[in-house]
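A short write-up of the structure that comes next.
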Amino acid sequence: MTIPGSELEIHETETPVEDDSVVSVAGRSPTQLAIARFRADKLSMISFVLSVFIVLCAIAAPILVLLGVLHPNDFHQELLSDDGVAPAGRFGGISWDHPFGVDPGAGRDLLARLMLAITSSLTIALTGTIFTVIIGAVLGIVAGFSGGFVDAVIGRIIDLTLSFPQTLMLLALSGPVVVMIRQDVADFPGFGFFTNPDLANGAFVIVILAAFGWPPVARVVRGQVLSIREREFIEAARLLGASRRRLYFKEVLPNVWAPVLVYVTLLVPAYISAEAAFNFLGVGIKPPTPTLGNILADSVSYTSADPMYFFLPGALLALIVVVFNLVGDGARDALDPKSHR
Amino acid sequence: MALKKPLAAVAATALAATLAACGGGSDDGDSSGNSGKAEKGGNAIFFVGVRNVEHWDPQRMYIGRDLNNSGRLFYRSLVALPASNDPVEGTTPVADLATDTGTTTDGGKSWSFTVKDGVKWEDGKDITCEDFKYGASRNFATDVIIGGPANYLFTYLDVKTGADGLPEYKGPYTKKGQDQFDKAVTCDGKTITYRFKKAWPDFPLSIAQLRYMDPYREDLDKGDANNFAIISNGPYKLDGGWKEGTGGKFVRNENWDESTDPIRKAYPDTWDFREGDTDEAIYEQLLADSGDAQYAVTERRLPPALFSRKDEAGDRYTQVESPYVDYVLPNFNSEVFKDANCREALKLATDRAAWIKAGGGEEYFKAADSVINPGVPGYKPNPAFDAMGESGDPEAAKAALDKCAAPKPVKIKFTYSGGTPTSDKQASALKAGWDKAGFDTELDPLEDTYYSVIQKPDADFDVTWGGWGADWSSAGTVIPPLFDSRINLTGDSNGNDYGNYKGGAEVDKMIDDAYAEPDLDAAADKWAAVDAKLGEDVAYIPLEITIFNFVHGGKITGYANNVSVNGYADLAVIGVEK
Amino acid sequence: MLAYVIRRVFAGVIMLIVMSIVTFALFFASPIDQASFICGKNCSAAQKAQTAAAMGYDDSFANQWVDFAKGVVQGRDYPDDPELRKTAPETIVHCDAPCLGYSRERGDTVTNLIKDTFPVSFSLAISAFVLWIVGGVLLGVTAALKKGTIIDRGLVGLSLVAYAFPTFFVGLVLYKFVAIKWGLTDIPRYTSIAEGGVGGWLSSLTLPAITLAVFFMAAYVRMTRSYVIESFQEDYVRTARSKGLRERTVTFKHALRAALTPIVTMAGLDFAGLMGGAIITESVFNYPGMGKLAVRASSDFDLPTTVGLVVLLAAFVIVANIIVDLLYAVIDPRVRLG
């Protein structure tokens, strides 16, 4: 498997975090300690500020479109050169009106399209991450807590999931599953919105990300649960007659959040990147709704006539991935001082 | 033939890809800008397009490029088209494996051909009348020999149609109903006779432009496993196997006798067919005229992004009009477009110029004014589309939309075949024009699933996209396949009539009349009348005619984009400098 | 040991069976009419039904799977029609065991298709593997040994950036700019050893292998670095040091050996995944490998090829898992199989 597959399974470099390794100093909680450590790391803080800016961009873009400030879908074919499709003028047709230039063939404002693309790509990545973590955490807790047969079955499901060739499944299933979402799923009352192609295509990407992305989360959570299970406060809760579900979710879950949080911060950039790779293979949200992936996929046809259109979205994508990764690294270091960078 | 994007199953044949005004296309059959004299020898290369060859089985081929290339290099037919760019000469069949161009004594209800003496297969066996009969019979094995244009034969050949709509004859493998076929197609010595249910005046033209009536060897037939097998009777044969995705190499067939063949010059010693290279890779080499590309021709079009560099190629750059027409279809089953006023508004709001610009500009497309390509007899500019102008008429469209019953703004869904670099932009360009006139368009791009969705009569779309080229030079291979509701609309499919157009008794009768007309010129006029009626009903809205932009290698001699091969490179007359 | 291997292989076979059932179920539920893709245009409803029947798609899900499984074990005839065997036996294709299916789309058995494409994917995987293991581990160890220096920071930063660019972007830069636009290398076109000799083979693989290796190299630099740093803190390394062993001995005999064990595991599994075809890299460079075959098969709904590839690729991963676990025992004396 190449990129999408490999990026789904993040190369886990650290041993699972163990809370009791955090030495309490001056009565501060582990969380406070972690935040303090994070704030002390300059690179992490810069990345954090940048990532907040990116998220704000993503939130602002659709609002600006509604307010009529950004025009991601207005054609300006008069800005294109006569004997071809590339924008007239240097560097992809950069001008005051279009600071990032316009896209070839249509002449749409690239800045507006890229901002809106961040919105859709981030939405897909975040939603995918949330589903991944929910599936992974639930199965991990159940496996870790139940042990025995249930644990073994979940372990086999994990093995099975990991041995599927993910990219191939993505390609092969995209046609049928998207049709299924748009026809069959949309028939359920309340799910009618899935007839919308963007939502159906986006949903498919999220399903694939979550369906193949959860096993590592489940493994981390399971390991965490195993180490917590035997500890006193769980014993105490059990003796007090707490129900199983209460044990799972009220007692254990709050104690596995740290490694899960690290995972989340690393999954988001991996999923942003995966969305782009999927779109290169023709799977995902289609234009005119922009995503980082479909803009890049479109730019492939114009690499020689309009290189700016190829490199700009590529650099933006890489920047976002780097920034989120750095935040993730920072969070991990802060939560687990044993890992030395 | 449907232009399938992104699958691009383009079965090409229409004739008369006339030369566009600009560009350095050649003017006659066998000369081009090259100074090199045509002579035997050398190795030529053909770069196969993004879509790989799907079938080399003559009865299964339906893509124009493959029909042309195989006919020029290794498959001969009873009659074939000469290597000519003259609109008349290039579309008039000449005798190839037969002694003449066919005889009919009953106005086309039966046709007879006599096989030439001395024509052989690649293994030295004579080509017999039985080989032709066997080849024809393979079309009926609809569970094995699929993908080809057999339907024409089912319509015409004198074999009864069963309850399931398929012929009662089931092909040579099961031999069910063999007696019916044996009566319809007979061999008398070297003379083969085909008998039809109704007159088929342009039958010779259909077998010259398609390969479905080519001879086949019963003793070598392995059914589906022969999909990429080539049993040659032309100047070249396959050396080794064909590898899907990589290609194959053709060498001289020693059992081809040049004296029996009026068409194929067979200059190069070998033809190397290559699949799997990208457009950019090929065109960078072709523009620079470097490496293997010097000896290469291709059916790939110069990518629009590289168009500005065409001058680097000098007279190795050629431009020809393709036999295809692209159009959009209002869905007659949709609430909105049941209303003729709404269709009229859609037509007037359609901005062809923006669509063309988004697709690569005027060097790549020419505005179309009929679903019939100008190269096909029966073409007349359809008056119904005059009012559209170049970029539509938003004011007139608004006025027309006021009369449209649907609530304003009129919400419509445009389902099209996405996934190609330009299709999404082209669709957005149409949306911009429609929305300006008061529509509210939702774009719905589909890729692989496109045809399976829009062929459903109850599919939820208001407008869709289509592309077509004639199977042979007759409007009878354009209008009925696209708009005859009787053959297209069955309970669960609309065939090629994606807009679910039902012409009713009047149009049905016009179509039957045109079919029944034995005189081909008179028939052409009748088809033009049907087209005019379709225009009045806004059964379709024409967009453009694709223009081919090609570059060939500098060591190629005799390069020609002939009408006889739909404007593609004519491999029958191409040679290479040594 | 033998018992362990047998048990693992047995479990692997069970897993493959479950896999193939799941795959069949996924595709069987597909609302797309595969027959119409083969049937082509001008295909009437009756013809479509006939095509579906010829391909066996009208059969029940269970029967289709049983036929598939039988084919893997004992081979299969296409079409399996007793009547046709009498009237026209020459049109029946026999597919020897292990038969993964027959593709109507490509007119060949899936086994043959894989035989044609596997060498390409394998060449690509092995050359990328060599690049990223050598590069990734060397740079990772260097970074770890120079921890905190500018070299370390540079390497970590670089790998972070390399990791951030998607493979297809890296590939396109190499293909469209390095090779095509700037003409710095030949335009890559896969050349087998038989066609171009070892030299031609290697040079045709350079750009795709780099493309594929960049991502893994970035990941392996970071991974190796952190494992090595970690292992330097282990008690046995401290013990070795306090015994007065030379630093070089400590580094190579103790710290690195321990650090490399998990890397071997990871590398084995990554390599197994790649053997089945690097879909994106092969698409960018148009290399006729299994990845490209998969792309084509899924775009025209060539079910037999897709299912065959899924099952085969899963088999690669399962076998690699077994091998890696065995290797693990060889490298790391602490691991006991049982």
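Residues in the structure tokens are numbered from 1 in each chain, the chains being A, B, ... in the order shown, and ligands are numbered from 1 in the order shown.
For range 27-180 of chain C, backbone-based DSSP labels the following residues as strand (DSSP E or B): Arg76, Asp77, Tyr78, Val93, His94, Cys95, Tyr102, Ser103, Asp108 and Thr109 of chain C.
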**Message:** I want to know what sits within 10 Å of Ser192 in chain C, based on only C-alpha atoms, with residues of the same chain fewer than 3 positions away left out; could you give that as a list in words?
**Reply:** Pro119, Val120, Ser123, Arg189, Glu195, Gly196, Gly197, Val198, Gly199, Gly200, Trp201, Leu202, Ser204 and Leu205 of chain C
**Item:** Separation of CA of Thr117 in chain C from CA of Tyr190 in chain C in Å
**Value:**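 Computing it gives 11.2 Å between the two atoms.
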Which residues of chain B come within 10 Å of chain A, and what is each one's closest atom pair and distance in Å (one decimal), counting only C-alpha atoms, sorted by chain and residue number, as a tab-separated table?
residue	atom	partner	partner_atom	distance
B:Asp279	CA	A:Ser301	CA	9.8
B:Glu280	CA	A:Ser301	CA	8.9
B:Pro303	CA	A:Ser301	CA	8.3
B:Pro304	CA	A:Gly84	CA	6.2
B:Ala305	CA	A:Ala305	CA	5.3
B:Leu306	CA	A:Ala305	CA	6.7
B:Phe307	CA	A:Gly84	CA	6.2
B:Ser308	CA	A:Asp83	CA	6.1
B:Arg309	CA	A:Ala305	CA	9.7
B:Ala354	CA	A:Gln77	CA	7.7
B:Trp355	CA	A:Ala106	CA	9.4
B:Ile356	CA	A:Gly105	CA	9.5
B:Lys357	CA	A:Gly105	CA	6.6
B:Ala358	CA	A:Gly105	CA	4.4
B:Gly359	CA	A:Gly105	CA	6.8
B:Gly360	CA	A:Val85	CA	5.7
B:Gly361	CA	A:Gly84	CA	6.7
B:Glu362	CA	A:Asp83	CA	8.6
B:Glu363	CA	A:Asp83	CA	8.0
B:Tyr364	CA	A:Gly84	CA	9.7
B:Gly418	CA	A:Lys286	CA	8.2
B:Gly419	CA	A:Gly282	CA	6.7
B:Thr420	CA	A:Asp298	CA	8.7
B:Pro421	CA	A:Asp298	CA	5.8
B:Thr422	CA	A:Gly105	CA	7.6
B:Ser423	CA	A:Pro287	CA	9.6
B:Asp424	CA	A:Pro287	CA	6.0
B:Lys425	CA	A:Ala106	CA	6.2
B:Gln426	CA	A:Ala106	CA	8.2
B:Ala427	CA	A:Pro288	CA	8.8
B:Ser428	CA	A:Pro288	CA	6.8
B:Ala429	CA	A:Phe75	CA	7.3
B:Ala432	CA	A:Phe75	CA	7.7
B:Glu442	CA	A:Asn196	CA	9.0
B:Leu443	CA	A:Pro288	CA	8.0
B:Asp444	CA	A:Pro197	CA	6.1
B:Pro445	CA	A:Lys286	CA	7.0
B:Leu446	CA	A:Pro197	CA	8.7
B:Glu447	CA	A:Gly175	CA	8.0
B:Asp448	CA	A:Gly175	CA	6.6
B:Thr449	CA	A:Gly175	CA	6.3
B:Tyr450	CA	A:Gly175	CA	9.8
B:Val453	CA	A:Val179	CA	8.9
B:Asp460	CA	A:Thr195	CA	9.7
Put those residues in a file: C-alpha atoms, as an mmCIF file, in the first residue's frame.
data_model
loop_
_atom_site.group_PDB
_atom_site.id
_atom_site.type_symbol
_atom_site.label_atom_id
_atom_site.label_comp_id
_atom_site.auth_asym_id
_atom_site.auth_seq_id
_atom_site.Cartn_x
_atom_site.Cartn_y
_atom_site.Cartn_z
ATOM 1 C CA ASP B 279 -0.054 12.008 -22.730
ATOM 2 C CA GLU B 280 2.558 14.367 -21.342
ATOM 3 C CA PRO B 303 -3.278 18.248 -24.410
ATOM 4 C CA PRO B 304 -4.775 21.779 -24.356
ATOM 5 C CA ALA B 305 -2.187 22.783 -21.782
ATOM 6 C CA LEU B 306 0.531 22.104 -24.371
ATOM 7 C CA PHE B 307 -1.295 23.718 -27.264
ATOM 8 C CA SER B 308 0.689 26.945 -27.115
ATOM 9 C CA ARG B 309 3.777 24.912 -27.985
ATOM 10 C CA ALA B 354 -18.127 29.094 -22.123
ATOM 11 C CA TRP B 355 -18.348 25.301 -22.344
ATOM 12 C CA ILE B 356 -15.894 25.318 -25.229
ATOM 13 C CA LYS B 357 -13.470 27.669 -23.491
ATOM 14 C CA ALA B 358 -13.505 25.583 -20.319
ATOM 15 C CA GLY B 359 -12.768 22.487 -22.382
ATOM 16 C CA GLY B 360 -9.729 23.907 -24.140
ATOM 17 C CA GLY B 361 -10.991 26.627 -26.445
ATOM 18 C CA GLU B 362 -11.796 26.994 -30.096
ATOM 19 C CA GLU B 363 -8.815 24.989 -31.238
ATOM 20 C CA TYR B 364 -10.350 21.995 -29.529
ATOM 21 C CA GLY B 418 -17.212 13.766 -14.435
ATOM 22 C CA GLY B 419 -13.719 12.802 -13.567
ATOM 23 C CA THR B 420 -11.936 14.101 -16.640
ATOM 24 C CA PRO B 421 -9.716 17.135 -16.227
ATOM 25 C CA THR B 422 -12.121 19.467 -17.947
ATOM 26 C CA SER B 423 -15.582 18.000 -17.517
ATOM 27 C CA ASP B 424 -16.227 19.598 -14.145
ATOM 28 C CA LYS B 425 -15.243 23.028 -15.368
ATOM 29 C CA GLN B 426 -17.338 22.634 -18.485
ATOM 30 C CA ALA B 427 -20.337 21.682 -16.372
ATOM 31 C CA SER B 428 -19.775 24.687 -14.123
ATOM 32 C CA ALA B 429 -19.646 26.872 -17.221
ATOM 33 C CA ALA B 432 -23.279 29.737 -14.868
ATOM 34 C CA GLU B 442 -27.229 21.528 -8.954
ATOM 35 C CA LEU B 443 -24.215 19.762 -10.470
ATOM 36 C CA ASP B 444 -24.043 16.002 -10.088
ATOM 37 C CA PRO B 445 -20.835 14.544 -11.497
ATOM 38 C CA LEU B 446 -20.694 10.769 -11.822
ATOM 39 C CA GLU B 447 -17.752 8.711 -12.965
ATOM 40 C CA ASP B 448 -17.791 4.978 -13.510
ATOM 41 C CA THR B 449 -21.429 4.722 -12.597
ATOM 42 C CA TYR B 450 -22.577 7.385 -15.042
ATOM 43 C CA VAL B 453 -27.443 5.764 -13.528
ATOM 44 C CA ASP B 460 -33.483 11.669 -10.700
#
**Message:** Env of Ser370 in chain B: 10 Å cut, atoms = only C-alpha atoms, seq-sep filter 3 positions within chain, self excluded. Answer as a list in words.
**Reply:**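 Contacts, with the query itself left out: Val325, Asp326, Tyr327, Ala367, Asn373, Pro374, Tyr379, Lys380, Pro381, Asn382, Pro383, Ala384, Phe385, Ala528, Asp531, Ala532, Leu534, Gly535, Tyr540, Ile541, Pro542, Leu543, Glu544 and Ile545 of chain B.
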Which residues are near range 147-154 of chain C? Cut-off 12 Å, only C-alpha atoms, ignore same chain within fewer than 4 positions. Put them as a PDB file with all heavy atoms, in the first residue's frame.
ATOM      1  N   HIS A 340      11.829  11.281  24.338  1.00  0.00           N
ATOM      2  CA  HIS A 340      12.803  12.358  24.187  1.00  0.00           C
ATOM      3  C   HIS A 340      12.947  12.745  22.733  1.00  0.00           C
ATOM      4  O   HIS A 340      13.170  11.895  21.903  1.00  0.00           O
ATOM      5  CB  HIS A 340      14.155  11.920  24.740  1.00  0.00           C
ATOM      6  CG  HIS A 340      14.074  11.558  26.165  1.00  0.00           C
ATOM      7  ND1 HIS A 340      14.285  12.430  27.186  1.00  0.00           N
ATOM      8  CD2 HIS A 340      13.745  10.376  26.766  1.00  0.00           C
ATOM      9  CE1 HIS A 340      14.125  11.808  28.339  1.00  0.00           C
ATOM     10  NE2 HIS A 340      13.790  10.560  28.107  1.00  0.00           N
ATOM     11  N   ARG A 341      12.788  14.000  22.446  1.00  0.00           N
ATOM     12  CA  ARG A 341      12.912  14.416  21.058  1.00  0.00           C
ATOM     13  C   ARG A 341      14.272  15.016  20.813  1.00  0.00           C
ATOM     14  O   ARG A 341      14.835  15.643  21.648  1.00  0.00           O
ATOM     15  CB  ARG A 341      11.839  15.433  20.729  1.00  0.00           C
ATOM     16  CG  ARG A 341      10.459  14.831  20.845  1.00  0.00           C
ATOM     17  CD  ARG A 341       9.448  15.843  20.438  1.00  0.00           C
ATOM     18  NE  ARG A 341       9.732  16.273  19.061  1.00  0.00           N
ATOM     19  CZ  ARG A 341       9.548  17.525  18.660  1.00  0.00           C
ATOM     20  NH1 ARG A 341       9.129  18.418  19.491  1.00  0.00           N
ATOM     21  NH2 ARG A 341       9.811  17.861  17.418  1.00  0.00           N
TER      22      ARG A 341
ATOM     23  N   LEU C 139      20.177   7.357   8.445  1.00  0.00           N
ATOM     24  CA  LEU C 139      19.933   8.735   8.874  1.00  0.00           C
ATOM     25  C   LEU C 139      19.329   8.771  10.273  1.00  0.00           C
ATOM     26  O   LEU C 139      19.660   9.642  11.076  1.00  0.00           O
ATOM     27  CB  LEU C 139      19.011   9.447   7.878  1.00  0.00           C
ATOM     28  CG  LEU C 139      19.607   9.662   6.482  1.00  0.00           C
ATOM     29  CD1 LEU C 139      18.593  10.311   5.556  1.00  0.00           C
ATOM     30  CD2 LEU C 139      20.864  10.518   6.564  1.00  0.00           C
ATOM     31  N   GLY C 140      18.473   7.804  10.558  1.00  0.00           N
ATOM     32  CA  GLY C 140      17.845   7.756  11.876  1.00  0.00           C
ATOM     33  C   GLY C 140      18.876   7.509  12.966  1.00  0.00           C
ATOM     34  O   GLY C 140      18.871   8.170  14.008  1.00  0.00           O
ATOM     35  N   VAL C 141      19.783   6.565  12.712  1.00  0.00           N
ATOM     36  CA  VAL C 141      20.835   6.281  13.689  1.00  0.00           C
ATOM     37  C   VAL C 141      21.738   7.505  13.845  1.00  0.00           C
ATOM     38  O   VAL C 141      22.077   7.916  14.967  1.00  0.00           O
ATOM     39  CB  VAL C 141      21.653   5.044  13.257  1.00  0.00           C
ATOM     40  CG1 VAL C 141      22.877   4.886  14.137  1.00  0.00           C
ATOM     41  CG2 VAL C 141      20.789   3.799  13.307  1.00  0.00           C
ATOM     42  N   THR C 142      22.083   8.126  12.717  1.00  0.00           N
ATOM     43  CA  THR C 142      22.925   9.328  12.775  1.00  0.00           C
ATOM     44  C   THR C 142      22.263  10.388  13.652  1.00  0.00           C
ATOM     45  O   THR C 142      22.893  10.968  14.536  1.00  0.00           O
ATOM     46  CB  THR C 142      23.110   9.904  11.353  1.00  0.00           C
ATOM     47  OG1 THR C 142      23.489   8.849  10.494  1.00  0.00           O
ATOM     48  CG2 THR C 142      24.161  11.004  11.350  1.00  0.00           C
ATOM     49  N   ALA C 143      20.980  10.627  13.388  1.00  0.00           N
ATOM     50  CA  ALA C 143      20.267  11.651  14.150  1.00  0.00           C
ATOM     51  C   ALA C 143      20.294  11.309  15.634  1.00  0.00           C
ATOM     52  O   ALA C 143      20.524  12.180  16.483  1.00  0.00           O
ATOM     53  CB  ALA C 143      18.833  11.784  13.646  1.00  0.00           C
ATOM     54  N   LEU C 158      13.648  17.800   8.198  1.00  0.00           N
ATOM     55  CA  LEU C 158      13.520  17.374   6.811  1.00  0.00           C
ATOM     56  C   LEU C 158      12.537  16.212   6.675  1.00  0.00           C
ATOM     57  O   LEU C 158      11.695  16.175   5.783  1.00  0.00           O
ATOM     58  CB  LEU C 158      14.900  16.945   6.305  1.00  0.00           C
ATOM     59  CG  LEU C 158      15.188  17.190   4.844  1.00  0.00           C
ATOM     60  CD1 LEU C 158      15.177  18.686   4.575  1.00  0.00           C
ATOM     61  CD2 LEU C 158      16.536  16.589   4.466  1.00  0.00           C
ATOM     62  N   SER C 159      12.657  15.280   7.610  1.00  0.00           N
ATOM     63  CA  SER C 159      11.775  14.117   7.504  1.00  0.00           C
ATOM     64  C   SER C 159      10.324  14.536   7.762  1.00  0.00           C
ATOM     65  O   SER C 159       9.404  13.989   7.174  1.00  0.00           O
ATOM     66  CB  SER C 159      12.206  13.012   8.463  1.00  0.00           C
ATOM     67  OG  SER C 159      12.029  13.430   9.790  1.00  0.00           O
ATOM     68  N   LEU C 160      10.165  15.516   8.620  1.00  0.00           N
ATOM     69  CA  LEU C 160       8.814  16.006   8.892  1.00  0.00           C
ATOM     70  C   LEU C 160       8.194  16.591   7.621  1.00  0.00           C
ATOM     71  O   LEU C 160       7.034  16.343   7.279  1.00  0.00           O
ATOM     72  CB  LEU C 160       8.875  17.074   9.988  1.00  0.00           C
ATOM     73  CG  LEU C 160       7.541  17.447  10.616  1.00  0.00           C
ATOM     74  CD1 LEU C 160       7.021  16.307  11.453  1.00  0.00           C
ATOM     75  CD2 LEU C 160       7.698  18.711  11.474  1.00  0.00           C
ATOM     76  N   VAL C 161       9.004  17.368   6.906  1.00  0.00           N
ATOM     77  CA  VAL C 161       8.499  17.996   5.677  1.00  0.00           C
ATOM     78  C   VAL C 161       8.258  16.934   4.605  1.00  0.00           C
ATOM     79  O   VAL C 161       7.216  16.924   3.940  1.00  0.00           O
ATOM     80  CB  VAL C 161       9.491  19.066   5.183  1.00  0.00           C
ATOM     81  CG1 VAL C 161       9.051  19.596   3.832  1.00  0.00           C
ATOM     82  CG2 VAL C 161       9.589  20.191   6.194  1.00  0.00           C
ATOM     83  N   VAL C 221      13.204   7.384   9.467  1.00  0.00           N
ATOM     84  CA  VAL C 221      14.196   8.219  10.146  1.00  0.00           C
ATOM     85  C   VAL C 221      13.693   8.521  11.549  1.00  0.00           C
ATOM     86  O   VAL C 221      14.390   8.320  12.545  1.00  0.00           O
ATOM     87  CB  VAL C 221      14.443   9.528   9.368  1.00  0.00           C
ATOM     88  CG1 VAL C 221      15.214  10.524  10.229  1.00  0.00           C
ATOM     89  CG2 VAL C 221      15.204   9.249   8.089  1.00  0.00           C
ATOM     90  N   ARG C 222      12.447   8.965  11.607  1.00  0.00           N
ATOM     91  CA  ARG C 222      11.891   9.326  12.909  1.00  0.00           C
ATOM     92  C   ARG C 222      11.776   8.116  13.820  1.00  0.00           C
ATOM     93  O   ARG C 222      12.086   8.177  15.014  1.00  0.00           O
ATOM     94  CB  ARG C 222      10.520   9.985  12.724  1.00  0.00           C
ATOM     95  CG  ARG C 222      10.633  11.459  12.349  1.00  0.00           C
ATOM     96  CD  ARG C 222       9.410  11.966  11.624  1.00  0.00           C
ATOM     97  NE  ARG C 222       8.168  11.790  12.360  1.00  0.00           N
ATOM     98  CZ  ARG C 222       7.572  12.752  13.064  1.00  0.00           C
ATOM     99  NH1 ARG C 222       8.123  13.934  13.154  1.00  0.00           N
ATOM    100  NH2 ARG C 222       6.437  12.532  13.673  1.00  0.00           N
ATOM    101  N   ARG C 225      15.275   6.800  14.917  1.00  0.00           N
ATOM    102  CA  ARG C 225      15.857   7.740  15.868  1.00  0.00           C
ATOM    103  C   ARG C 225      15.271   7.523  17.262  1.00  0.00           C
ATOM    104  O   ARG C 225      16.002   7.410  18.245  1.00  0.00           O
ATOM    105  CB  ARG C 225      15.578   9.163  15.391  1.00  0.00           C
ATOM    106  CG  ARG C 225      16.074  10.236  16.325  1.00  0.00           C
ATOM    107  CD  ARG C 225      15.765  11.614  15.768  1.00  0.00           C
ATOM    108  NE  ARG C 225      16.114  12.655  16.722  1.00  0.00           N
ATOM    109  CZ  ARG C 225      15.336  13.027  17.728  1.00  0.00           C
ATOM    110  NH1 ARG C 225      14.179  12.434  17.907  1.00  0.00           N
ATOM    111  NH2 ARG C 225      15.727  13.978  18.552  1.00  0.00           N
ATOM    112  N   SER C 226      13.956   7.425  17.334  1.00  0.00           N
ATOM    113  CA  SER C 226      13.394   7.354  18.676  1.00  0.00           C
ATOM    114  C   SER C 226      13.650   5.987  19.313  1.00  0.00           C
ATOM    115  O   SER C 226      13.840   5.898  20.521  1.00  0.00           O
ATOM    116  CB  SER C 226      11.918   7.721  18.666  1.00  0.00           C
ATOM    117  OG  SER C 226      11.158   6.657  18.184  1.00  0.00           O
ATOM    118  N   VAL C 228      16.339   4.152  18.848  1.00  0.00           N
ATOM    119  CA  VAL C 228      17.745   4.107  19.260  1.00  0.00           C
ATOM    120  C   VAL C 228      17.928   4.917  20.545  1.00  0.00           C
ATOM    121  O   VAL C 228      18.558   4.470  21.501  1.00  0.00           O
ATOM    122  CB  VAL C 228      18.664   4.634  18.132  1.00  0.00           C
ATOM    123  CG1 VAL C 228      20.096   4.790  18.638  1.00  0.00           C
ATOM    124  CG2 VAL C 228      18.618   3.693  16.945  1.00  0.00           C
ATOM    125  N   ILE C 229      17.332   6.108  20.561  1.00  0.00           N
ATOM    126  CA  ILE C 229      17.456   6.946  21.751  1.00  0.00           C
ATOM    127  C   ILE C 229      16.894   6.211  22.962  1.00  0.00           C
ATOM    128  O   ILE C 229      17.495   6.172  24.037  1.00  0.00           O
ATOM    129  CB  ILE C 229      16.716   8.280  21.540  1.00  0.00           C
ATOM    130  CG1 ILE C 229      17.486   9.130  20.548  1.00  0.00           C
ATOM    131  CG2 ILE C 229      16.564   9.028  22.867  1.00  0.00           C
ATOM    132  CD1 ILE C 229      16.782  10.404  20.142  1.00  0.00           C
ATOM    133  N   GLU C 230      15.749   5.586  22.741  1.00  0.00           N
ATOM    134  CA  GLU C 230      15.113   4.847  23.822  1.00  0.00           C
ATOM    135  C   GLU C 230      16.020   3.729  24.330  1.00  0.00           C
ATOM    136  O   GLU C 230      16.193   3.556  25.531  1.00  0.00           O
ATOM    137  CB  GLU C 230      13.820   4.252  23.279  1.00  0.00           C
ATOM    138  CG  GLU C 230      12.769   3.978  24.308  1.00  0.00           C
ATOM    139  CD  GLU C 230      11.527   3.473  23.614  1.00  0.00           C
ATOM    140  OE1 GLU C 230      10.915   4.265  22.858  1.00  0.00           O
ATOM    141  OE2 GLU C 230      11.218   2.295  23.766  1.00  0.00           O
ATOM    142  N   PHE C 232      19.147   3.460  24.259  1.00  0.00           N
ATOM    143  CA  PHE C 232      20.320   3.925  25.000  1.00  0.00           C
ATOM    144  C   PHE C 232      19.995   4.114  26.476  1.00  0.00           C
ATOM    145  O   PHE C 232      20.864   4.136  27.315  1.00  0.00           O
ATOM    146  CB  PHE C 232      20.840   5.244  24.411  1.00  0.00           C
ATOM    147  CG  PHE C 232      21.886   5.029  23.354  1.00  0.00           C
ATOM    148  CD1 PHE C 232      21.645   5.372  22.039  1.00  0.00           C
ATOM    149  CD2 PHE C 232      23.117   4.466  23.699  1.00  0.00           C
ATOM    150  CE1 PHE C 232      22.607   5.156  21.072  1.00  0.00           C
ATOM    151  CE2 PHE C 232      24.074   4.263  22.726  1.00  0.00           C
ATOM    152  CZ  PHE C 232      23.821   4.606  21.409  1.00  0.00           C
TER     153      PHE C 232
END
